[in-house]
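Undergrad: Data: work-v8.pdb, PDB, C-alpha atoms (C1' of nucleotides).
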```
ATOM      1  CA  MET A   1      91.279  94.006  92.773
ATOM      2  CA  SER A   2      93.334  93.844  95.884
ATOM      3  CA  THR A   3      93.762  90.765  98.015
ATOM      4  CA  ILE A   4      94.503  92.501 101.298
ATOM      5  CA  ASP A   5      92.654  94.795 103.674
ATOM      6  CA  GLN A   6      92.461  98.526 103.301
ATOM      7  CA  SER A   7      94.222  99.080 106.629
ATOM      8  CA  LEU A   8      97.206  97.136 105.414
ATOM      9  CA  ILE A   9      97.234  98.891 102.066
ATOM     10  CA  LEU A  10      97.208 102.203 103.843
ATOM     11  CA  LEU A  11     100.164 101.225 105.993
ATOM     12  CA  ILE A  12     102.083 100.030 102.972
ATOM     13  CA  ASN A  13     101.430 103.339 101.275
ATOM     14  CA  LEU A  14     102.440 105.096 104.470
ATOM     15  CA  SER A  15     105.762 103.354 104.420
ATOM     16  CA  LYS A  16     106.444 104.349 100.847
ATOM     17  CA  ALA A  17     105.256 107.894 101.436
ATOM     18  CA  GLN A  18     107.599 108.329 104.330
ATOM     19  CA  ALA A  19     110.554 107.180 102.269
ATOM     20  CA  VAL A  20     109.691 109.667  99.555
ATOM     21  CA  VAL A  21     109.164 112.498 102.041
ATOM     22  CA  SER A  22     112.371 111.720 103.849
ATOM     23  CA  ARG A  23     114.314 111.989 100.627
ATOM     24  CA  ARG A  24     112.633 115.219  99.691
ATOM     25  CA  PHE A  25     113.534 116.702 103.067
ATOM     26  CA  ASP A  26     117.195 115.944 102.518
ATOM     27  CA  LYS A  27     117.187 119.417 101.042
ATOM     28  CA  LEU A  28     117.215 120.842 104.555
ATOM     29  CA  ASN A  29     120.838 119.757 104.688
ATOM     30  CA  ILE A  30     121.841 123.107 103.272
ATOM     31  CA  TYR A  31     120.880 124.530 106.652
ATOM     32  CA  GLY A  32     123.115 122.050 108.381
ATOM     33  CA  ILE A  33     120.345 119.826 109.664
ATOM     34  CA  GLY A  34     118.218 116.922 108.466
ATOM     35  CA  PHE A  35     114.511 116.330 108.776
ATOM     36  CA  THR A  36     114.779 114.548 112.101
ATOM     37  CA  GLU A  37     116.908 117.341 113.529
ATOM     38  CA  PHE A  38     114.352 119.824 112.299
ATOM     39  CA  ILE A  39     111.627 117.880 114.095
ATOM     40  CA  ILE A  40     113.638 117.961 117.316
ATOM     41  CA  LEU A  41     114.101 121.725 117.021
ATOM     42  CA  TYR A  42     110.386 122.124 116.324
ATOM     43  CA  LEU A  43     109.379 120.039 119.322
ATOM     44  CA  LEU A  44     111.726 121.951 121.618
ATOM     45  CA  HIS A  45     110.561 125.242 120.164
ATOM     46  CA  GLU A  46     106.948 124.321 120.853
ATOM     47  CA  SER A  47     107.575 123.069 124.349
ATOM     48  CA  ALA A  48     106.562 125.148 127.318
ATOM     49  CA  GLU A  49     110.058 125.948 128.523
ATOM     50  CA  GLY A  50     112.104 125.246 125.445
ATOM     51  CA  LYS A  51     113.187 121.943 126.920
ATOM     52  CA  LEU A  52     112.012 118.363 126.908
ATOM     53  CA  ARG A  53     113.109 115.137 128.500
ATOM     54  CA  ARG A  54     114.877 112.846 126.133
ATOM     55  CA  ILE A  55     112.274 110.184 126.703
ATOM     56  CA  ASP A  56     109.585 112.638 125.625
ATOM     57  CA  LEU A  57     111.481 113.448 122.468
ATOM     58  CA  ALA A  58     111.748 109.724 121.803
ATOM     59  CA  GLU A  59     108.023 109.317 122.240
ATOM     60  CA  SER A  60     107.157 112.272 120.026
ATOM     61  CA  THR A  61     109.496 111.343 117.217
ATOM     62  CA  GLY A  62     108.991 107.591 117.287
ATOM     63  CA  LEU A  63     112.706 107.104 117.860
ATOM     64  CA  THR A  64     114.107 104.926 120.597
ATOM     65  CA  ALA A  65     115.833 106.448 123.637
ATOM     66  CA  SER A  66     119.076 105.341 122.124
ATOM     67  CA  GLY A  67     118.238 106.998 118.838
ATOM     68  CA  VAL A  68     117.538 110.274 120.606
ATOM     69  CA  THR A  69     120.830 110.087 122.474
ATOM     70  CA  ARG A  70     122.691 109.594 119.231
ATOM     71  CA  LEU A  71     120.792 112.279 117.403
ATOM     72  CA  LEU A  72     121.328 114.859 120.129
ATOM     73  CA  LEU A  73     125.054 114.320 120.497
ATOM     74  CA  PRO A  74     126.106 116.099 117.298
ATOM     75  CA  MET A  75     123.416 118.696 117.881
ATOM     76  CA  GLU A  76     124.948 119.453 121.273
ATOM     77  CA  LYS A  77     128.357 119.630 119.697
ATOM     78  CA  THR A  78     127.236 122.166 117.133
ATOM     79  CA  GLY A  79     125.456 124.106 119.858
ATOM     80  CA  LEU A  80     121.881 123.776 118.594
ATOM     81  CA  VAL A  81     120.798 121.912 121.687
ATOM     82  CA  GLY A  82     121.865 122.062 125.297
ATOM     83  CA  ARG A  83     121.560 119.676 128.171
ATOM     84  CA  GLU A  84     120.105 120.264 131.591
ATOM     85  CA  ALA A  85     119.702 118.012 134.594
ATOM     86  CA  ASP A  86     116.448 117.726 136.505
ATOM     87  CA  LYS A  87     116.526 118.891 140.100
ATOM     88  CA  ARG A  88     114.247 116.173 141.357
ATOM     89  CA  ASP A  89     115.036 113.187 139.202
ATOM     90  CA  ALA A  90     118.644 112.276 138.647
ATOM     91  CA  ARG A  91     117.766 109.950 135.808
ATOM     92  CA  VAL A  92     116.455 112.760 133.644
ATOM     93  CA  SER A  93     118.449 114.782 131.191
ATOM     94  CA  TYR A  94     116.632 117.556 129.392
ATOM     95  CA  ALA A  95     117.394 118.622 125.859
ATOM     96  CA  THR A  96     117.146 122.398 125.670
ATOM     97  CA  LEU A  97     116.835 124.700 122.696
ATOM     98  CA  THR A  98     119.759 127.113 122.486
ATOM     99  CA  ASP A  99     119.706 130.524 120.803
ATOM    100  CA  ALA A 100     121.646 129.039 117.912
ATOM    101  CA  GLY A 101     119.043 126.321 117.724
ATOM    102  CA  LYS A 102     116.248 128.881 117.626
ATOM    103  CA  GLN A 103     118.042 130.681 114.854
ATOM    104  CA  ILE A 104     118.454 127.565 112.760
ATOM    105  CA  PHE A 105     114.843 126.639 113.357
ATOM    106  CA  SER A 106     113.786 130.094 112.213
ATOM    107  CA  ASN A 107     116.008 129.942 109.154
ATOM    108  CA  THR A 108     114.860 126.510 108.222
ATOM    109  CA  LYS A 109     111.197 126.758 108.948
ATOM    110  CA  ASN A 110     110.144 128.405 105.721
ATOM    111  CA  ALA A 111     112.117 125.988 103.600
ATOM    112  CA  ALA A 112     110.529 123.101 105.431
ATOM    113  CA  GLU A 113     107.062 124.574 105.029
ATOM    114  CA  ASN A 114     107.633 125.152 101.333
ATOM    115  CA  LEU A 115     108.790 121.581 100.892
ATOM    116  CA  ALA A 116     105.780 120.320 102.761
ATOM    117  CA  ALA A 117     103.434 122.431 100.654
ATOM    118  CA  GLU A 118     105.021 121.072  97.479
ATOM    119  CA  ILE A 119     104.490 117.535  98.660
ATOM    120  CA  LEU A 120     101.055 118.187 100.102
ATOM    121  CA  PRO A 121      99.430 121.188  98.503
ATOM    122  CA  PRO A 122      97.305 122.868 101.198
ATOM    123  CA  ASP A 123      94.110 122.550  99.155
ATOM    124  CA  LYS A 124      94.524 118.779  99.299
ATOM    125  CA  LEU A 125      94.457 119.013 103.055
ATOM    126  CA  LYS A 126      90.899 120.216 103.286
ATOM    127  CA  LYS A 127      89.561 116.842 104.185
ATOM    128  CA  ALA A 128      92.758 115.475 105.641
ATOM    129  CA  ASP A 129      92.364 116.707 109.185
ATOM    130  CA  GLN A 130      91.362 113.140 109.901
ATOM    131  CA  LEU A 131      94.635 111.982 108.473
ATOM    132  CA  ILE A 132      96.491 114.252 110.852
ATOM    133  CA  GLY A 133      94.466 112.962 113.766
ATOM    134  CA  LEU A 134      94.957 109.389 112.679
ATOM    135  CA  LEU A 135      98.698 109.715 112.316
ATOM    136  CA  ALA A 136      99.081 111.775 115.481
ATOM    137  CA  GLY A 137      97.335 109.029 117.372
ATOM    138  CA  LEU A 138      99.801 106.345 116.480
TER     139      LEU A 138
ATOM    140  CA  MET B   1      98.910 126.929 118.978
ATOM    141  CA  SER B   2     101.310 125.690 116.382
ATOM    142  CA  THR B   3     103.879 127.828 114.633
ATOM    143  CA  ILE B   4     104.166 125.780 111.467
ATOM    144  CA  ASP B   5     101.865 124.826 108.607
ATOM    145  CA  GLN B   6      99.488 121.914 108.657
ATOM    146  CA  SER B   7     101.253 120.253 105.737
ATOM    147  CA  LEU B   8     104.466 120.170 107.691
ATOM    148  CA  ILE B   9     102.758 118.933 110.828
ATOM    149  CA  LEU B  10     101.221 116.142 108.850
ATOM    150  CA  LEU B  11     104.562 115.087 107.451
ATOM    151  CA  ILE B  12     106.115 115.151 110.904
ATOM    152  CA  ASN B  13     103.322 112.949 112.164
ATOM    153  CA  LEU B  14     103.770 110.730 109.139
ATOM    154  CA  SER B  15     107.385 110.204 110.027
ATOM    155  CA  LYS B  16     106.568 109.249 113.573
ATOM    156  CA  ALA B  17     103.714 107.029 112.532
ATOM    157  CA  GLN B  18     105.899 105.116 110.150
ATOM    158  CA  ALA B  19     108.453 104.457 112.866
ATOM    159  CA  VAL B  20     105.743 103.142 115.150
ATOM    160  CA  VAL B  21     104.213 100.989 112.416
ATOM    161  CA  SER B  22     107.563  99.628 111.395
ATOM    162  CA  ARG B  23     108.257  98.504 114.930
ATOM    163  CA  ARG B  24     104.853  96.920 115.253
ATOM    164  CA  PHE B  25     105.396  94.973 112.060
ATOM    165  CA  ASP B  26     108.604  93.497 113.404
ATOM    166  CA  LYS B  27     106.275  90.790 114.636
ATOM    167  CA  LEU B  28     106.184  89.372 111.121
ATOM    168  CA  ASN B  29     109.700  88.139 111.803
ATOM    169  CA  ILE B  30     108.249  84.928 113.204
ATOM    170  CA  TYR B  31     107.376  84.108 109.592
ATOM    171  CA  GLY B  32     110.946  84.717 108.542
ATOM    172  CA  ILE B  33     110.323  88.040 106.849
ATOM    173  CA  GLY B  34     110.086  91.721 107.775
ATOM    174  CA  PHE B  35     107.567  94.334 106.732
ATOM    175  CA  THR B  36     109.509  95.394 103.669
ATOM    176  CA  GLU B  37     109.861  91.787 102.530
ATOM    177  CA  PHE B  38     106.150  91.342 103.028
ATOM    178  CA  ILE B  39     105.500  94.374 100.841
ATOM    179  CA  ILE B  40     107.702  92.906  98.122
ATOM    180  CA  LEU B  41     105.828  89.613  98.236
ATOM    181  CA  TYR B  42     102.518  91.484  98.115
ATOM    182  CA  LEU B  43     103.569  93.560  95.107
ATOM    183  CA  LEU B  44     104.774  90.486  93.248
ATOM    184  CA  HIS B  45     101.647  88.592  94.206
ATOM    185  CA  GLU B  46      99.486  91.388  92.827
ATOM    186  CA  SER B  47     101.435  91.796  89.632
ATOM    187  CA  ALA B  48     100.025  90.473  86.392
ATOM    188  CA  GLU B  49     102.561  87.718  85.887
ATOM    189  CA  GLY B  50     103.931  87.320  89.375
ATOM    190  CA  LYS B  51     107.023  89.258  88.395
ATOM    191  CA  LEU B  52     108.182  92.857  88.397
ATOM    192  CA  ARG B  53     111.255  94.717  87.294
ATOM    193  CA  ARG B  54     113.480  95.743  90.112
ATOM    194  CA  ILE B  55     113.106  99.365  89.178
ATOM    195  CA  ASP B  56     109.330  99.016  89.511
ATOM    196  CA  LEU B  57     109.713  97.457  92.937
ATOM    197  CA  ALA B  58     111.926 100.375  93.885
ATOM    198  CA  GLU B  59     109.317 102.851  92.713
ATOM    199  CA  SER B  60     106.469 101.109  94.495
ATOM    200  CA  THR B  61     108.271 100.698  97.783
ATOM    201  CA  GLY B  62     110.067 104.033  97.853
ATOM    202  CA  LEU B  63     113.396 102.220  98.105
ATOM    203  CA  THR B  64     116.333 102.980  95.874
ATOM    204  CA  ALA B  65     117.433 100.539  93.182
ATOM    205  CA  SER B  66     120.329  99.641  95.404
ATOM    206  CA  GLY B  67     118.001  99.026  98.323
ATOM    207  CA  VAL B  68     115.933  96.649  96.208
ATOM    208  CA  THR B  69     119.002  94.762  95.110
ATOM    209  CA  ARG B  70     120.099  94.308  98.694
ATOM    210  CA  LEU B  71     116.661  93.354  99.890
ATOM    211  CA  LEU B  72     116.147  90.765  97.170
ATOM    212  CA  LEU B  73     119.472  89.021  97.624
ATOM    213  CA  PRO B  74     118.602  87.192 100.850
ATOM    214  CA  MET B  75     115.100  86.587  99.543
ATOM    215  CA  GLU B  76     116.563  84.860  96.502
ATOM    216  CA  LYS B  77     118.819  82.859  98.743
ATOM    217  CA  THR B  78     115.929  81.623 100.841
ATOM    218  CA  GLY B  79     113.972  80.923  97.690
ATOM    219  CA  LEU B  80     111.082  83.333  98.206
ATOM    220  CA  VAL B  81     111.946  85.247  95.082
ATOM    221  CA  GLY B  82     113.451  84.241  91.789
ATOM    222  CA  ARG B  83     115.196  86.163  89.056
ATOM    223  CA  GLU B  84     114.394  86.281  85.382
ATOM    224  CA  ALA B  85     115.981  88.110  82.509
ATOM    225  CA  ASP B  86     113.995  90.092  79.969
ATOM    226  CA  LYS B  87     114.096  88.853  76.415
ATOM    227  CA  ARG B  88     114.167  92.285  74.881
ATOM    228  CA  ASP B  89     116.109  94.389  77.340
ATOM    229  CA  ALA B  90     119.349  93.047  78.668
ATOM    230  CA  ARG B  91     119.460  95.602  81.432
ATOM    231  CA  VAL B  92     116.336  94.317  83.086
ATOM    232  CA  SER B  93     116.212  91.708  85.789
ATOM    233  CA  TYR B  94     112.804  90.646  86.987
ATOM    234  CA  ALA B  95     112.040  89.594  90.523
ATOM    235  CA  THR B  96     109.617  86.670  90.387
ATOM    236  CA  LEU B  97     107.407  85.203  93.084
ATOM    237  CA  THR B  98     108.280  81.581  93.742
ATOM    238  CA  ASP B  99     105.922  78.970  95.156
ATOM    239  CA  ALA B 100     107.696  79.244  98.477
ATOM    240  CA  GLY B 101     107.197  82.976  98.300
ATOM    241  CA  LYS B 102     103.482  82.518  97.626
ATOM    242  CA  GLN B 103     103.290  80.221 100.595
ATOM    243  CA  ILE B 104     104.978  82.644 102.930
ATOM    244  CA  PHE B 105     102.804  85.461 101.653
ATOM    245  CA  SER B 106      99.730  83.349 102.325
ATOM    246  CA  ASN B 107     100.915  82.392 105.779
ATOM    247  CA  THR B 108     101.819  85.914 106.679
ATOM    248  CA  LYS B 109      98.937  87.790 105.181
ATOM    249  CA  ASN B 110      96.480  87.295 108.001
ATOM    250  CA  ALA B 111      98.981  88.250 110.644
ATOM    251  CA  ALA B 112      99.799  91.390 108.721
ATOM    252  CA  GLU B 113      96.146  92.236 108.278
ATOM    253  CA  ASN B 114      95.490  91.706 111.968
ATOM    254  CA  LEU B 115      98.384  93.953 112.877
ATOM    255  CA  ALA B 116      97.135  96.609 110.492
ATOM    256  CA  ALA B 117      93.636  96.396 111.920
ATOM    257  CA  GLU B 118      95.002  96.815 115.430
ATOM    258  CA  ILE B 119      96.882  99.904 114.401
ATOM    259  CA  LEU B 120      94.107 101.245 112.205
ATOM    260  CA  PRO B 121      90.733  99.886 113.201
ATOM    261  CA  PRO B 122      88.686  99.539 109.983
ATOM    262  CA  ASP B 123      85.887 101.732 111.310
ATOM    263  CA  LYS B 124      88.348 104.598 111.489
ATOM    264  CA  LEU B 125      88.920 104.192 107.776
ATOM    265  CA  LYS B 126      85.443 105.178 106.673
ATOM    266  CA  LYS B 127      86.569 108.364 105.072
ATOM    267  CA  ALA B 128      90.100 107.266 104.534
ATOM    268  CA  ASP B 129      89.988 106.335 100.880
ATOM    269  CA  GLN B 130      91.254 109.857 100.378
ATOM    270  CA  LEU B 131      94.093 109.120 102.743
ATOM    271  CA  ILE B 132      95.053 106.135 100.684
ATOM    272  CA  GLY B 133      94.901 108.208  97.550
ATOM    273  CA  LEU B 134      96.925 110.980  99.119
ATOM    274  CA  LEU B 135      99.650 108.668 100.337
ATOM    275  CA  ALA B 136      99.652 106.570  97.194
ATOM    276  CA  GLY B 137     100.197 109.703  95.179
ATOM    277  CA  LEU B 138     103.436 110.574  96.857
TER     278      LEU B 138
ATOM    279  C1'  DG C   1     114.279  99.742 155.530
ATOM    280  C1'  DC C   2     114.626  96.403 151.924
ATOM    281  C1'  DA C   3     113.782  93.982 147.743
ATOM    282  C1'  DA C   4     111.481  93.740 143.472
ATOM    283  C1'  DT C   5     110.161  96.201 139.691
ATOM    284  C1'  DA C   6     110.034 100.148 136.651
ATOM    285  C1'  DT C   7     112.095 104.121 134.390
ATOM    286  C1'  DA C   8     115.684 107.122 132.050
ATOM    287  C1'  DA C   9     119.737 107.369 129.597
ATOM    288  C1'  DT C  10     123.846 105.589 127.431
ATOM    289  C1'  DT C  11     126.876 102.345 124.888
ATOM    290  C1'  DG C  12     128.314  98.329 121.893
ATOM    291  C1'  DA C  13     127.043  95.928 118.106
ATOM    292  C1'  DG C  14     124.038  95.010 114.422
ATOM    293  C1'  DT C  15     120.566  96.217 110.700
ATOM    294  C1'  DA C  16     118.452  98.342 106.787
ATOM    295  C1'  DC C  17     118.807 101.379 104.201
ATOM    296  C1'  DT C  18     121.072 105.584 100.898
ATOM    297  C1'  DC C  19     124.513 107.803  97.983
ATOM    298  C1'  DA C  20     127.976 107.655  94.654
ATOM    299  C1'  DA C  21     130.359 105.323  91.393
ATOM    300  C1'  DG C  22     130.650 101.952  88.064
ATOM    301  C1'  DT C  23     129.172  98.641  84.263
ATOM    302  C1'  DA C  24     126.163  97.315  80.661
ATOM    303  C1'  DT C  25     122.648  98.389  77.631
ATOM    304  C1'  DA C  26     119.041 101.152  75.278
ATOM    305  C1'  DT C  27     117.426 105.375  72.943
ATOM    306  C1'  DG C  28     117.605 109.482  70.205
ATOM    307  C1'  DT C  29     119.888 112.583  67.070
ATOM    308  C1'  DC C  30     122.891 113.652  63.448
TER     309       DC C  30
ATOM    310  C1'  DG D   1     127.141 104.213  62.254
ATOM    311  C1'  DA D   2     128.828 107.348  65.858
ATOM    312  C1'  DC D   3     128.036 109.759  69.787
ATOM    313  C1'  DA D   4     125.556 111.780  73.658
ATOM    314  C1'  DT D   5     122.261 110.852  76.895
ATOM    315  C1'  DA D   6     119.229 107.939  79.578
ATOM    316  C1'  DT D   7     118.088 103.689  81.972
ATOM    317  C1'  DA D   8     118.700  99.376  84.873
ATOM    318  C1'  DC D   9     121.295  97.155  88.043
ATOM    319  C1'  DT D  10     125.132  96.267  91.217
ATOM    320  C1'  DT D  11     128.815  97.334  94.556
ATOM    321  C1'  DG D  12     131.641  99.960  98.050
ATOM    322  C1'  DA D  13     131.246 102.923 101.623
ATOM    323  C1'  DG D  14     128.616 105.653 104.647
ATOM    324  C1'  DT D  15     124.398 106.937 107.466
ATOM    325  C1'  DA D  16     120.703 106.687 110.695
ATOM    326  C1'  DC D  17     118.695 104.182 113.097
ATOM    327  C1'  DT D  18     117.350  99.703 116.523
ATOM    328  C1'  DC D  19     118.150  96.092 119.896
ATOM    329  C1'  DA D  20     120.270  94.411 123.878
ATOM    330  C1'  DA D  21     122.833  95.189 127.706
ATOM    331  C1'  DT D  22     124.225  98.130 131.260
ATOM    332  C1'  DT D  23     124.167 101.687 134.908
ATOM    333  C1'  DA D  24     121.841 104.707 137.859
ATOM    334  C1'  DT D  25     117.814 106.064 139.995
ATOM    335  C1'  DA D  26     112.885 106.063 141.273
ATOM    336  C1'  DT D  27     108.677 103.664 142.752
ATOM    337  C1'  DT D  28     105.989 100.222 145.010
ATOM    338  C1'  DG D  29     104.786  96.879 148.363
ATOM    339  C1'  DC D  30     105.894  94.455 152.410
TER     340       DC D  30
END
```
Kindly transcribe the structure held in the file into structure tokens.
TA:
Amino acid sequence: MSTIDQSLILLINLSKAQAVVSRRFDKLNIYGIGFTEFIILYLLHESAEGKLRRIDLAESTGLTASGVTRLLLPMEKTGLVGREADKRDARVSYATLTDAGKQIFSNTKNAAENLAAEILPPDKLKKADQLIGLLAGL
Amino acid sequence: MSTIDQSLILLINLSKAQAVVSRRFDKLNIYGIGFTEFIILYLLHESAEGKLRRIDLAESTGLTASGVTRLLLPMEKTGLVGREADKRDARVSYATLTDAGKQIFSNTKNAAENLAAEILPPDKLKKADQLIGLLAGL
DNA sequence: GCAATATAATTGAGTACTCAAGTATATGTC
DNA sequence: GACATATACTTGAGTACTCAATTATATTGC
């Protein structure tokens, strides 16, 4: 018998789940990137022009602007991500997906999907579309 | 149209959601504790004898043993948590919930529940018992 | 045009954790 | 009992982030 609300229990479980998932995804390191880097590559890959403003990456990942800056620096150094100014807004700096970045994303994608399927077997997702919607809405 | 599996998308969303939640729960700081500390107090409060082995706390929170040690140290210093040896196993050190800890948990609980309800309105949880199960199983 | 306010990105410093190594103890097998 | 292996916890060092402050630029309202 629990003494706190379901919402809170769910968020507590969420916190623990994320820690577990994060550790499991450390395996991506063999491809030279971590989970967060993989997410960045995915987001850039999915974007309309293979580029996104840093502030958009921050929003999509839940990181702060500062966190994105720090995450992108080594990725720029290793050539996975480029940088592009915006013609109309001097404040903006785009992160762009390089060919090397596409390659790494490609190489890594299957491993990431396999990991995800281990953690969340697809049959368990039948009724979890709500979960996706719920989490995506946060 | 996404180019990766649903499982992976869900885990990416999970990661972002946790970051957002974590930041929202920073508000608990006015009670002198953070979200993780709150979780510890909750787990101890729910335990049969108001005490848990550190390794159990690590398992339940998703932290490492080392993380638990570091988290509990300031909590012991402020008196929220005590420490107790095990009569039969000299390796074990229990974390115990002190009266001060109970008080803080009590004081904080409503705030935490309100925050959780803001983030996850209870009506959105109708079919979410599965979600809880899914996350708890990780 | 100007000032107030908002936005985007970066940097310095701090925080909350993990990993790896180490110590002490328990367990299982011979 | 001896030894190999496993378990629980702690500590040193490193990692991945956040917050706060700053700079530059854009937007809004007068």
Undergrad: Taking the file as shown, what set of residues would the PyMOL selection byres ((chain A) within 9 of (chain C)) give back, as a PyMOL selection string?
TA: chain A and resi 54-55+65-66+69+90-93
Undergrad: Could you write out chain A as a short mmCIF file (atom, residue, chain, number, x, y, z; two decimals) with C-alpha atoms, keeping the file's coordinate frame once it has been least-squares superposed on chain B using every ordered C-alpha pair?
TA:
```
data_model
loop_
_atom_site.label_atom_id
_atom_site.label_comp_id
_atom_site.auth_asym_id
_atom_site.auth_seq_id
_atom_site.Cartn_x
_atom_site.Cartn_y
_atom_site.Cartn_z
CA MET A 1 98.87 127.03 118.87
CA SER A 2 101.23 125.75 116.28
CA THR A 3 103.81 127.85 114.50
CA ILE A 4 104.07 125.78 111.34
CA ASP A 5 101.79 124.82 108.48
CA GLN A 6 99.39 121.93 108.55
CA SER A 7 101.15 120.23 105.64
CA LEU A 8 104.37 120.16 107.59
CA ILE A 9 102.67 118.95 110.74
CA LEU A 10 101.10 116.16 108.78
CA LEU A 11 104.45 115.08 107.38
CA ILE A 12 106.02 115.15 110.81
CA ASN A 13 103.23 112.97 112.11
CA LEU A 14 103.67 110.73 109.09
CA SER A 15 107.29 110.22 109.96
CA LYS A 16 106.49 109.27 113.52
CA ALA A 17 103.62 107.04 112.46
CA GLN A 18 105.82 105.12 110.10
CA ALA A 19 108.38 104.49 112.81
CA VAL A 20 105.69 103.16 115.11
CA VAL A 21 104.15 100.99 112.39
CA SER A 22 107.51 99.64 111.36
CA ARG A 23 108.20 98.52 114.89
CA ARG A 24 104.81 96.94 115.23
CA PHE A 25 105.37 94.98 112.04
CA ASP A 26 108.57 93.51 113.40
CA LYS A 27 106.24 90.80 114.60
CA LEU A 28 106.17 89.38 111.09
CA ASN A 29 109.68 88.15 111.80
CA ILE A 30 108.23 84.95 113.17
CA TYR A 31 107.35 84.11 109.58
CA GLY A 32 110.92 84.70 108.53
CA ILE A 33 110.30 88.02 106.84
CA GLY A 34 110.06 91.70 107.75
CA PHE A 35 107.55 94.31 106.70
CA THR A 36 109.50 95.36 103.63
CA GLU A 37 109.85 91.76 102.51
CA PHE A 38 106.14 91.31 103.00
CA ILE A 39 105.50 94.35 100.80
CA ILE A 40 107.72 92.89 98.08
CA LEU A 41 105.83 89.58 98.22
CA TYR A 42 102.53 91.46 98.08
CA LEU A 43 103.58 93.53 95.08
CA LEU A 44 104.80 90.45 93.22
CA HIS A 45 101.67 88.56 94.17
CA GLU A 46 99.51 91.35 92.79
CA SER A 47 101.46 91.76 89.60
CA ALA A 48 100.08 90.45 86.35
CA GLU A 49 102.62 87.69 85.86
CA GLY A 50 103.99 87.29 89.35
CA LYS A 51 107.07 89.24 88.36
CA LEU A 52 108.22 92.82 88.36
CA ARG A 53 111.29 94.69 87.25
CA ARG A 54 113.52 95.69 90.09
CA ILE A 55 113.13 99.32 89.16
CA ASP A 56 109.37 98.97 89.47
CA LEU A 57 109.72 97.44 92.90
CA ALA A 58 111.96 100.35 93.85
CA GLU A 59 109.35 102.81 92.66
CA SER A 60 106.49 101.07 94.44
CA THR A 61 108.28 100.67 97.74
CA GLY A 62 110.07 104.00 97.81
CA LEU A 63 113.40 102.20 98.07
CA THR A 64 116.34 102.96 95.85
CA ALA A 65 117.46 100.51 93.15
CA SER A 66 120.33 99.63 95.38
CA GLY A 67 118.02 99.01 98.30
CA VAL A 68 115.94 96.63 96.21
CA THR A 69 119.03 94.74 95.10
CA ARG A 70 120.10 94.29 98.69
CA LEU A 71 116.66 93.34 99.89
CA LEU A 72 116.16 90.74 97.17
CA LEU A 73 119.48 88.99 97.64
CA PRO A 74 118.60 87.17 100.86
CA MET A 75 115.10 86.58 99.55
CA GLU A 76 116.58 84.84 96.52
CA LYS A 77 118.83 82.83 98.77
CA THR A 78 115.93 81.60 100.86
CA GLY A 79 113.98 80.86 97.70
CA LEU A 80 111.09 83.30 98.19
CA VAL A 81 111.97 85.22 95.07
CA GLY A 82 113.49 84.22 91.77
CA ARG A 83 115.24 86.13 89.06
CA GLU A 84 114.47 86.26 85.38
CA ALA A 85 116.09 88.11 82.51
CA ASP A 86 114.10 90.09 79.98
CA LYS A 87 114.24 88.84 76.41
CA ARG A 88 114.29 92.28 74.89
CA ASP A 89 116.19 94.40 77.35
CA ALA A 90 119.44 93.09 78.72
CA ARG A 91 119.51 95.69 81.46
CA VAL A 92 116.39 94.32 83.10
CA SER A 93 116.27 91.69 85.78
CA TYR A 94 112.85 90.62 86.97
CA ALA A 95 112.08 89.57 90.50
CA THR A 96 109.66 86.66 90.38
CA LEU A 97 107.45 85.18 93.06
CA THR A 98 108.31 81.54 93.73
CA ASP A 99 105.93 78.92 95.13
CA ALA A 100 107.71 79.21 98.46
CA GLY A 101 107.20 82.94 98.27
CA LYS A 102 103.50 82.49 97.61
CA GLN A 103 103.28 80.18 100.57
CA ILE A 104 104.97 82.62 102.90
CA PHE A 105 102.79 85.42 101.62
CA SER A 106 99.72 83.31 102.28
CA ASN A 107 100.91 82.37 105.74
CA THR A 108 101.80 85.88 106.64
CA LYS A 109 98.93 87.75 105.14
CA ASN A 110 96.46 87.26 107.95
CA ALA A 111 98.97 88.22 110.60
CA ALA A 112 99.79 91.36 108.67
CA GLU A 113 96.12 92.20 108.23
CA ASN A 114 95.45 91.66 111.91
CA LEU A 115 98.34 93.92 112.83
CA ALA A 116 97.10 96.56 110.45
CA ALA A 117 93.59 96.35 111.87
CA GLU A 118 94.96 96.76 115.39
CA ILE A 119 96.84 99.86 114.36
CA LEU A 120 94.06 101.22 112.18
CA PRO A 121 90.71 99.84 113.20
CA PRO A 122 88.63 99.52 110.01
CA ASP A 123 85.87 101.77 111.35
CA LYS A 124 88.41 104.58 111.54
CA LEU A 125 89.02 104.17 107.85
CA LYS A 126 85.57 105.24 106.79
CA LYS A 127 86.66 108.69 105.86
CA ALA A 128 90.28 107.84 105.21
CA ASP A 129 90.00 106.82 101.58
CA GLN A 130 91.43 110.24 100.91
CA LEU A 131 94.38 109.39 103.07
CA ILE A 132 95.02 106.30 101.00
CA GLY A 133 94.79 108.31 97.81
CA LEU A 134 97.02 111.01 99.21
CA LEU A 135 99.70 108.60 100.34
CA ALA A 136 99.47 106.48 97.20
CA GLY A 137 100.09 109.59 95.17
CA LEU A 138 103.40 110.40 96.74
#
```
Undergrad: Under the PyMOL selection byres ((chain D) within 9 of (chain B)), which residues of this model are included? Write them out as a PyMOL selection string.
TA: chain D and resi 7-11
Undergrad: Region 117-121 of chain A, all listed atoms, 8 Å padding on each side: what axis-aligned box centre and edge lengths in Å to one decimal come out, as JSON?
TA:
```
{"center_x": 102.2, "center_y": 120.0, "center_z": 99.1, "size_x": 21.6, "size_y": 20.9, "size_z": 19.2}
```
Undergrad: Just give me the gap between CA of Leu41 (chain A) and CA of Phe105 (chain A) in Å, one decimal is fine.
TA: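 These atoms are spaced 6.2 Å apart.
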